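Colleague: Below is the structure I would like to discuss, written out as structure tokens.
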There are 2 protein chains.
Amino acid sequence: MSTPTRRPRADATRNRAALLAAADDAFAADGAGASLSAVAAGAGVAIGTLYKHFPTRRALVGALLAERHDALFARAEGVDLATWLRWVAEHAATYRGLAELIASDLHAPDEAGDRLAADCARMAAITERTVGAADLRADVTVDDVVTLMNAAAWTREQQGAEAADRLIATTLRGMSP
Amino acid sequence: MSTPTRRPRADATRNRAALLAAADDAFAADGAGASLSAVAAGAGVAIGTLYKHFPTRRALVGALLAERHDALFARAEGVDLATWLRWVAEHAATYRGLAELIASDLHAPDEAGDRLAADCARMAAITERTVGAADLRADVTVDDVVTLMNAAAWTREQQGAEAADRLIATTLRGMSP
DNA sequence: ACCTGAACACCGTTCAAGT
DNA sequence: ACCTGAACACCGTTCAAGT
């Protein structure tokens, strides 16, 4: 029943790579809401080609974050909660608007089953595991920690790393027994 | 040297009121980034009239919030820090995107000297006064509390009142001596 | 199998012309 | 003194036509 995976045409491979590179530049400069026309132009490709490769902005962002997420999750093994929260906040600063995107997916997981949704599910699982290994007050829920993680990521975006780190440290103190 | 204030023409007064009403509807429904064309249409007025009355989106938002801010600041007298933070978070939920607007102004005050900037300055002053009256650890700064206030406002927008209230309560516990 | 770019529907902002 | 709406420059998204 499954369609055999065929080798993509050489120009398709090249265009996809050029689109990702141009999108990374544009998102880094203007945030995750940057102009897609500009991305296509930057990649030297027609706008229709961008939509062929990435039907939605979300798909493009998800593809760009895939490697970063793999790297982030790979080094999360055995790390303590404070460090994990700082890393996620730092990660969310990759593109302006990313904190909101991740927060909304963590809060209401996307049913579409795309790459970004899968990554957010992995992020939620790691957070839950890390919370389990931490020593916290009995009335603190995993949701409370996810809320702090999202808030710290947004604070990192708006006000920088120091403000985010201080929020994490102070709130975790309030969560300790 | 000062220009005498003249009575505005009757149609101007009416149009201004219609624009504010239409903008409140649009911003409540679609957030503070809602279409200004739609606002003008909703007010039964040409787009140029909107720009005449409110040269920037910020001016329109500032005019809409003026009354709300007056009410909020009026009842802030003598209130404790936890309550003040909950009120600001609740207020920021008026329009989607408002938390970010206020946070950026508190962090980097607008020099333009418009109504919104003045209101944010008042908000900062009340926060400082309320922090002064609270019993907090010596290493907690006013900036830390402003960070929490902004984060709670954004959390209120994204995840609702319960998540925001729990973040405030937990973080304040971490700030207490 | 993939790419192009015109087409459509929108939006923000300005400004000459009206009354 | 104020209002109108055309004009301009942009953007997202689709889809027929090409190779």
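Chains: A, B, ... in order of the structure tokens. Residues: from 1 per chain. Ligands: from 1, in order shown.
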Please report as CSV every residue of range 45-151 of chain A lying within 8 Å of chain C, along with the nearest atom pair and their distance in Å (one decimal), using only C-alpha atoms (C1' of nucleotides).

Modeller:
residue,atom,partner,partner_atom,distance
A:Ala46,CA,C:DT4,C1',6.2
A:Gly48,CA,C:DT4,C1',7.4
A:Thr49,CA,C:DC3,C1',6.4

Colleague: Within 9 Å of chain D, which residues of chain B show up when using only C-alpha atoms (C1' of nucleotides), listed as a ChimeraX atom specification?

Modeller: /B:8-9,11-12,45-49,52

Colleague: Once you count only C-alpha atoms, which residues of chain B turn out to be within 8 Å of chain A? Could you give them as a PyMOL selection string?

Modeller: chain B and resi 103-104+107+144+147-148+151-152+154-155+158-159+163+166-167+170-175

Colleague: Could you pull out all residues of range 13-55 of chain A with a DSSP call of alpha helix (DSSP H) and give them as a ChimeraX atom specification?

Modeller: /A:13-30,36-42,47-53

Colleague: Please provide the set of residues having any atom within 9 Å of Asp165 in chain B, restricted to only C-alpha atoms (C1' of nucleotides), with same-chain residues fewer than 5 positions apart removed, written as number ranges by chain.

Modeller: B: 82, 85-86, 89, 152, 156, 160, 170

Colleague: Could you name the residues that touch range 113-120 of chain A at 10 Å or less, counting only C-alpha atoms (C1' of nucleotides), but leaving out those on the same chain fewer than 6 positions away, as a PDB file with C-alpha atoms, in the first residue's frame?

Modeller:
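Saved to selection-v4.pdb:
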ATOM      1  CA  ARG A  58       4.544  26.184  10.338  1.00  0.00           C
ATOM      2  CA  ALA A  59       6.028  23.447   8.113  1.00  0.00           C
ATOM      3  CA  LEU A  60       8.929  25.726   7.207  1.00  0.00           C
ATOM      4  CA  VAL A  61       9.602  26.655  10.821  1.00  0.00           C
ATOM      5  CA  GLY A  62       9.301  22.998  11.841  1.00  0.00           C
ATOM      6  CA  ALA A  63      11.854  21.934   9.234  1.00  0.00           C
ATOM      7  CA  LEU A  64      14.260  24.660  10.343  1.00  0.00           C
ATOM      8  CA  LEU A  65      13.970  23.688  14.001  1.00  0.00           C
ATOM      9  CA  ALA A  66      14.282  19.924  13.427  1.00  0.00           C
ATOM     10  CA  HIS A  69      15.546  20.193  18.501  1.00  0.00           C
ATOM     11  CA  ASP A  70      17.463  16.969  17.949  1.00  0.00           C
ATOM     12  CA  PHE A  73      16.915  16.860  23.246  1.00  0.00           C
ATOM     13  CA  LEU A 101       4.505  29.079  18.863  1.00  0.00           C
ATOM     14  CA  ILE A 102       5.940  26.450  21.205  1.00  0.00           C
ATOM     15  CA  ALA A 103       3.774  27.566  24.129  1.00  0.00           C
ATOM     16  CA  SER A 104       0.572  27.251  22.132  1.00  0.00           C
ATOM     17  CA  ASP A 105       1.554  23.797  20.909  1.00  0.00           C
ATOM     18  CA  LEU A 106       2.470  22.610  24.413  1.00  0.00           C
ATOM     19  CA  HIS A 107      -0.780  23.953  25.744  1.00  0.00           C
ATOM     20  CA  ILE A 126      11.437  15.525  28.716  1.00  0.00           C
TER      21      ILE A 126
END
